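For reference, the structure is listed below as structure tokens.
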Amino acid sequence: MDWSHYRFHTRWTLTAPLATVYDALAQAEDYPRWWPQVREVDRIDDTSGIIRIRSLLPYDLTFTAREVRRDPAAGILEIAMTGDLDGWARWTLTTAGSGTLARYDQEVDVTKPLMRLLAVPGRPLFRANHALMMRAGRRGLAAHLRAA
């Protein structure tokens with residue numbers, strides 16, 4: 001087993017319509033406004049940017065995100081990631097009643113040296129850190145959508 005390899009699956013149920021949620025998630029440069037752990041998003045061009053995240057644990061992760069798929073009809077947003085995280089992440093949105101189910105899937109290899117060094121003993125903390133970040137993201141997006 002590669003202790004620096006992670007697969008994450010998260011589901012968010014949101015009361016806003018799918019198109020509204022999709023539009024919010026498609027605007028990555030706005031994430032720091034509603035997602036506290038997304039500290040910076042600096043656009044490089046129309047399809048890529050540099051993202052810096054930090055959750056509860058005292059370390060930043062910085063990576064370049066490049067858009068791989070933007071398909072509003074299918075409800076899919078997907079990026080490739082390189083840097084402290086190498087891999088991909090995908091939002092898949094489906095209608096759920098009058099709201100939206102947002103499924104987030106991510107598969108990455110952590111390349112940050114300290115995290116690789118602490119891969120075995122730190123793995124439960126790193127996974128918990130990710131879960132806290134995702135929980136805060138759902139709350140932040142829900143509040144952002146209500147205010148819009």
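Residues are named by chain letter and number: chains run A, B, ... in the order of the structure tokens, numbers start at 1 in each chain, and ligands are numbered from 1 in the order shown.
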Output as JSON lines one row per residue of range 12-68 of chain A within 6 Å of range 79-83 of chain A: the closest atom pair and its distance in Å to one decimal place, counting only C-alpha atoms, sorted by chain and residue number ascending.
```
{"residue": "A:Phe63", "atom": "CA", "partner": "A:Gly83", "partner_atom": "CA", "distance": 4.3}
{"residue": "A:Thr64", "atom": "CA", "partner": "A:Thr82", "partner_atom": "CA", "distance": 5.3}
{"residue": "A:Ala65", "atom": "CA", "partner": "A:Met81", "partner_atom": "CA", "distance": 4.7}
{"residue": "A:Arg66", "atom": "CA", "partner": "A:Ala80", "partner_atom": "CA", "distance": 5.2}
{"residue": "A:Glu67", "atom": "CA", "partner": "A:Ile79", "partner_atom": "CA", "distance": 4.5}
{"residue": "A:Val68", "atom": "CA", "partner": "A:Ile79", "partner_atom": "CA", "distance": 5.0}
```
Using only C-alpha atoms, which protein or nucleic acid residues come within 9 Å of Gly137 in chain A? Drop anything in the same chain fewer than 2 positions from it, and give the result as an NGL selection string.
:A and (31 or 34-38 or 132-135 or 139-142)
Would you export the selected residues with N, CA, C and O atoms as a PDB file, in the first residue's frame, please?
```pdb
ATOM      1  N   TYR A  31     -13.979  30.461  -4.506  1.00  0.00           N
ATOM      2  CA  TYR A  31     -13.989  29.534  -3.378  1.00  0.00           C
ATOM      3  C   TYR A  31     -13.510  30.176  -2.079  1.00  0.00           C
ATOM      4  O   TYR A  31     -14.111  29.940  -1.031  1.00  0.00           O
ATOM      5  N   TRP A  34     -16.218  31.640   0.259  1.00  0.00           N
ATOM      6  CA  TRP A  34     -17.178  30.839   1.012  1.00  0.00           C
ATOM      7  C   TRP A  34     -16.587  29.569   1.630  1.00  0.00           C
ATOM      8  O   TRP A  34     -17.235  28.928   2.455  1.00  0.00           O
ATOM      9  N   TRP A  35     -15.374  29.190   1.233  1.00  0.00           N
ATOM     10  CA  TRP A  35     -14.755  27.972   1.755  1.00  0.00           C
ATOM     11  C   TRP A  35     -13.502  28.374   2.521  1.00  0.00           C
ATOM     12  O   TRP A  35     -12.455  28.647   1.921  1.00  0.00           O
ATOM     13  N   PRO A  36     -13.572  28.440   3.860  1.00  0.00           N
ATOM     14  CA  PRO A  36     -12.471  28.991   4.654  1.00  0.00           C
ATOM     15  C   PRO A  36     -11.111  28.326   4.424  1.00  0.00           C
ATOM     16  O   PRO A  36     -10.084  28.983   4.527  1.00  0.00           O
ATOM     17  N   GLN A  37     -11.089  27.062   4.118  1.00  0.00           N
ATOM     18  CA  GLN A  37      -9.822  26.352   3.968  1.00  0.00           C
ATOM     19  C   GLN A  37      -9.179  26.553   2.596  1.00  0.00           C
ATOM     20  O   GLN A  37      -8.027  26.200   2.403  1.00  0.00           O
ATOM     21  N   VAL A  38      -9.920  27.079   1.659  1.00  0.00           N
ATOM     22  CA  VAL A  38      -9.330  27.429   0.361  1.00  0.00           C
ATOM     23  C   VAL A  38      -8.832  28.854   0.514  1.00  0.00           C
ATOM     24  O   VAL A  38      -9.591  29.807   0.477  1.00  0.00           O
ATOM     25  N   LEU A 132     -12.806  17.475   7.854  1.00  0.00           N
ATOM     26  CA  LEU A 132     -13.176  18.775   8.425  1.00  0.00           C
ATOM     27  C   LEU A 132     -13.251  19.847   7.348  1.00  0.00           C
ATOM     28  O   LEU A 132     -14.157  20.680   7.347  1.00  0.00           O
ATOM     29  N   MET A 133     -12.306  19.815   6.425  1.00  0.00           N
ATOM     30  CA  MET A 133     -12.314  20.777   5.330  1.00  0.00           C
ATOM     31  C   MET A 133     -13.576  20.624   4.475  1.00  0.00           C
ATOM     32  O   MET A 133     -14.214  21.611   4.111  1.00  0.00           O
ATOM     33  N   MET A 134     -13.936  19.404   4.173  1.00  0.00           N
ATOM     34  CA  MET A 134     -15.116  19.172   3.337  1.00  0.00           C
ATOM     35  C   MET A 134     -16.396  19.573   4.068  1.00  0.00           C
ATOM     36  O   MET A 134     -17.311  20.135   3.469  1.00  0.00           O
ATOM     37  N   ARG A 135     -16.467  19.315   5.359  1.00  0.00           N
ATOM     38  CA  ARG A 135     -17.643  19.707   6.138  1.00  0.00           C
ATOM     39  C   ARG A 135     -17.799  21.229   6.132  1.00  0.00           C
ATOM     40  O   ARG A 135     -18.894  21.756   5.936  1.00  0.00           O
ATOM     41  N   ARG A 139     -20.911  23.644   4.432  1.00  0.00           N
ATOM     42  CA  ARG A 139     -21.580  24.715   5.167  1.00  0.00           C
ATOM     43  C   ARG A 139     -21.397  26.065   4.466  1.00  0.00           C
ATOM     44  O   ARG A 139     -22.328  26.843   4.337  1.00  0.00           O
ATOM     45  N   GLY A 140     -20.172  26.328   4.022  1.00  0.00           N
ATOM     46  CA  GLY A 140     -19.885  27.600   3.357  1.00  0.00           C
ATOM     47  C   GLY A 140     -20.625  27.746   2.050  1.00  0.00           C
ATOM     48  O   GLY A 140     -21.170  28.815   1.752  1.00  0.00           O
ATOM     49  N   LEU A 141     -20.672  26.681   1.258  1.00  0.00           N
ATOM     50  CA  LEU A 141     -21.390  26.747  -0.016  1.00  0.00           C
ATOM     51  C   LEU A 141     -22.886  26.912   0.218  1.00  0.00           C
ATOM     52  O   LEU A 141     -23.536  27.712  -0.460  1.00  0.00           O
ATOM     53  N   ALA A 142     -23.440  26.192   1.180  1.00  0.00           N
ATOM     54  CA  ALA A 142     -24.873  26.332   1.478  1.00  0.00           C
ATOM     55  C   ALA A 142     -25.208  27.761   1.864  1.00  0.00           C
ATOM     56  O   ALA A 142     -26.210  28.339   1.384  1.00  0.00           O
TER      57      ALA A 142
END
```
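Between Pro17 in chain A and the residues A:Thr111, A:Thr47, A:Thr100, A:Thr94, the shortest atom-to-atom distance, using only C-alpha atoms, involves A:Thr100.
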When you look at Arg11 in chain A with a cut-off of 10 Å (counting only C-alpha atoms), what residues show up, excluding the ones that are within fewer than 5 positions of it in the same chain? I need them as a PyMOL selection string.
chain A and resi 91-93+101-105+134-135+138
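Of the residues listed (A:Ala131, A:Ala74, A:Ile53, A:Val110), A:Val110 shows the shortest atom-to-atom separation from Trp88 in chain A; distances use only C-alpha atoms.
The residue that comes closest to Arg7 in chain A, out of A:Val108, A:Ala143, A:Ile76, A:Leu114 and on the basis of only C-alpha atoms, is A:Val108.
Among the candidate residues A:Thr95, A:Ser48, A:Asn129, A:Thr20, the one lying nearest to Arg69 in chain A is A:Ser48, with distances computed using only C-alpha atoms.
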Using backbone DSSP assignments, extract all alpha helix (DSSP H) residues from range 3-102 of chain A; output them as a PDB file with N, CA and C atoms, in the first residue's frame.
```pdb
ATOM      1  N   LEU A  18     -29.683  22.540  -9.284  1.00  0.00           N
ATOM      2  CA  LEU A  18     -28.433  22.057  -9.851  1.00  0.00           C
ATOM      3  C   LEU A  18     -27.682  23.150 -10.613  1.00  0.00           C
ATOM      4  N   ALA A  19     -28.333  23.898 -11.464  1.00  0.00           N
ATOM      5  CA  ALA A  19     -27.639  24.923 -12.262  1.00  0.00           C
ATOM      6  C   ALA A  19     -26.986  25.975 -11.377  1.00  0.00           C
ATOM      7  N   THR A  20     -27.631  26.326 -10.287  1.00  0.00           N
ATOM      8  CA  THR A  20     -27.077  27.323  -9.363  1.00  0.00           C
ATOM      9  C   THR A  20     -25.848  26.770  -8.660  1.00  0.00           C
ATOM     10  N   VAL A  21     -25.909  25.523  -8.213  1.00  0.00           N
ATOM     11  CA  VAL A  21     -24.768  24.888  -7.551  1.00  0.00           C
ATOM     12  C   VAL A  21     -23.619  24.739  -8.543  1.00  0.00           C
ATOM     13  N   TYR A  22     -23.933  24.299  -9.744  1.00  0.00           N
ATOM     14  CA  TYR A  22     -22.903  24.129 -10.773  1.00  0.00           C
ATOM     15  C   TYR A  22     -22.179  25.448 -11.035  1.00  0.00           C
ATOM     16  N   ASP A  23     -22.946  26.516 -11.201  1.00  0.00           N
ATOM     17  CA  ASP A  23     -22.343  27.828 -11.465  1.00  0.00           C
ATOM     18  C   ASP A  23     -21.412  28.247 -10.327  1.00  0.00           C
ATOM     19  N   ALA A  24     -21.814  28.005  -9.092  1.00  0.00           N
ATOM     20  CA  ALA A  24     -20.970  28.368  -7.948  1.00  0.00           C
ATOM     21  C   ALA A  24     -19.690  27.535  -7.931  1.00  0.00           C
ATOM     22  N   LEU A  25     -19.803  26.236  -8.160  1.00  0.00           N
ATOM     23  CA  LEU A  25     -18.625  25.370  -8.135  1.00  0.00           C
ATOM     24  C   LEU A  25     -17.709  25.612  -9.331  1.00  0.00           C
ATOM     25  N   ALA A  26     -18.255  26.088 -10.429  1.00  0.00           N
ATOM     26  CA  ALA A  26     -17.453  26.359 -11.623  1.00  0.00           C
ATOM     27  C   ALA A  26     -16.586  27.607 -11.458  1.00  0.00           C
ATOM     28  N   TYR A  31     -13.979  30.461  -4.506  1.00  0.00           N
ATOM     29  CA  TYR A  31     -13.989  29.534  -3.378  1.00  0.00           C
ATOM     30  C   TYR A  31     -13.510  30.176  -2.079  1.00  0.00           C
ATOM     31  N   PRO A  32     -12.431  30.976  -2.082  1.00  0.00           N
ATOM     32  CA  PRO A  32     -11.993  31.552  -0.797  1.00  0.00           C
ATOM     33  C   PRO A  32     -13.045  32.433  -0.125  1.00  0.00           C
ATOM     34  N   ARG A  33     -14.023  32.907  -0.860  1.00  0.00           N
ATOM     35  CA  ARG A  33     -15.093  33.734  -0.280  1.00  0.00           C
ATOM     36  C   ARG A  33     -16.042  32.913   0.585  1.00  0.00           C
ATOM     37  N   TRP A  34     -16.218  31.640   0.259  1.00  0.00           N
ATOM     38  CA  TRP A  34     -17.178  30.839   1.012  1.00  0.00           C
ATOM     39  C   TRP A  34     -16.587  29.569   1.630  1.00  0.00           C
TER      40      TRP A  34
END
```
In range 7-105 of chain A, DSSP strand (DSSP E or B) residues written as a ChimeraX atom specification:
/A:7-14,38-45,48-53,61-71,76-83,85-96,99-105
Save the residues we just selected, C-alpha atoms, as a compact mmCIF listing (two decimals), in the first residue's frame?
```
# COMPACT_ATOMS: atom_id res chain seq x y z
CA ARG A 7 -9.09 8.42 -2.40
CA PHE A 8 -11.85 10.62 -1.05
CA HIS A 9 -15.59 10.47 -1.66
CA THR A 10 -17.88 13.11 -0.22
CA ARG A 11 -21.56 13.86 -0.79
CA TRP A 12 -23.24 17.17 -0.13
CA THR A 13 -27.00 17.61 -0.23
CA LEU A 14 -27.84 21.21 -1.06
CA VAL A 38 -9.33 27.43 0.36
CA ARG A 39 -6.96 30.28 1.12
CA GLU A 40 -6.03 31.42 -2.39
CA VAL A 41 -6.93 30.76 -5.99
CA ASP A 42 -4.73 32.57 -8.50
CA ARG A 43 -5.77 32.19 -12.12
CA ILE A 44 -3.03 31.39 -14.61
CA ASP A 45 -5.32 31.36 -17.66
CA SER A 48 -5.84 26.64 -14.86
CA GLY A 49 -4.78 28.24 -11.59
CA ILE A 50 -2.71 27.84 -8.48
CA ILE A 51 -4.65 26.87 -5.35
CA ARG A 52 -3.47 27.04 -1.74
CA ILE A 53 -5.46 25.21 0.93
CA LEU A 61 -0.89 22.46 0.33
CA THR A 62 -0.31 24.26 -2.96
CA PHE A 63 -1.05 22.79 -6.35
CA THR A 64 -1.80 23.76 -9.91
CA ALA A 65 -5.31 22.85 -11.01
CA ARG A 66 -6.00 22.40 -14.71
CA GLU A 67 -9.55 22.01 -15.99
CA VAL A 68 -10.03 18.62 -17.63
CA ARG A 69 -13.80 18.58 -18.05
CA ARG A 70 -16.50 21.23 -17.77
CA ASP A 71 -19.83 19.73 -18.79
CA ILE A 76 -19.47 17.45 -14.15
CA LEU A 77 -16.48 19.61 -13.25
CA GLU A 78 -13.10 17.86 -13.21
CA ILE A 79 -9.54 19.04 -12.66
CA ALA A 80 -6.05 17.56 -12.83
CA MET A 81 -3.77 18.53 -9.96
CA THR A 82 0.03 18.82 -9.79
CA GLY A 83 2.20 20.08 -6.97
CA LEU A 85 -1.05 16.96 -4.55
CA ASP A 86 -0.82 15.02 -7.83
CA GLY A 87 -4.01 13.49 -9.18
CA TRP A 88 -7.54 14.58 -9.97
CA ALA A 89 -10.75 15.83 -8.41
CA ARG A 90 -14.29 15.76 -9.79
CA TRP A 91 -17.66 17.24 -8.86
CA THR A 92 -20.66 15.31 -10.18
CA LEU A 93 -24.00 17.02 -9.62
CA THR A 94 -27.42 15.42 -9.85
CA THR A 95 -30.88 16.70 -9.09
CA ALA A 96 -32.24 15.51 -5.75
CA GLY A 99 -32.21 20.49 -4.61
CA THR A 100 -28.88 19.05 -5.66
CA LEU A 101 -26.66 16.17 -4.67
CA ALA A 102 -23.02 17.18 -5.14
CA ARG A 103 -20.63 14.24 -5.17
CA TYR A 104 -16.93 15.02 -4.78
CA ASP A 105 -14.40 12.37 -5.74
```
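Restricting the calculation to only C-alpha atoms, the smallest distance between Asp109 in chain A and any of A:Ala28, A:Met1, A:Asp84, A:Thr15 is found for A:Asp84.
Among the candidates A:Ser98, A:Gln106, A:Ser4, A:Ser55, the one nearest to Ala16 in chain A when counting only C-alpha atoms is A:Ser98.
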By how many Å are CA of Trp3 in chain A and CA of Val120 in chain A apart?
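It comes out at 6.0 Å.
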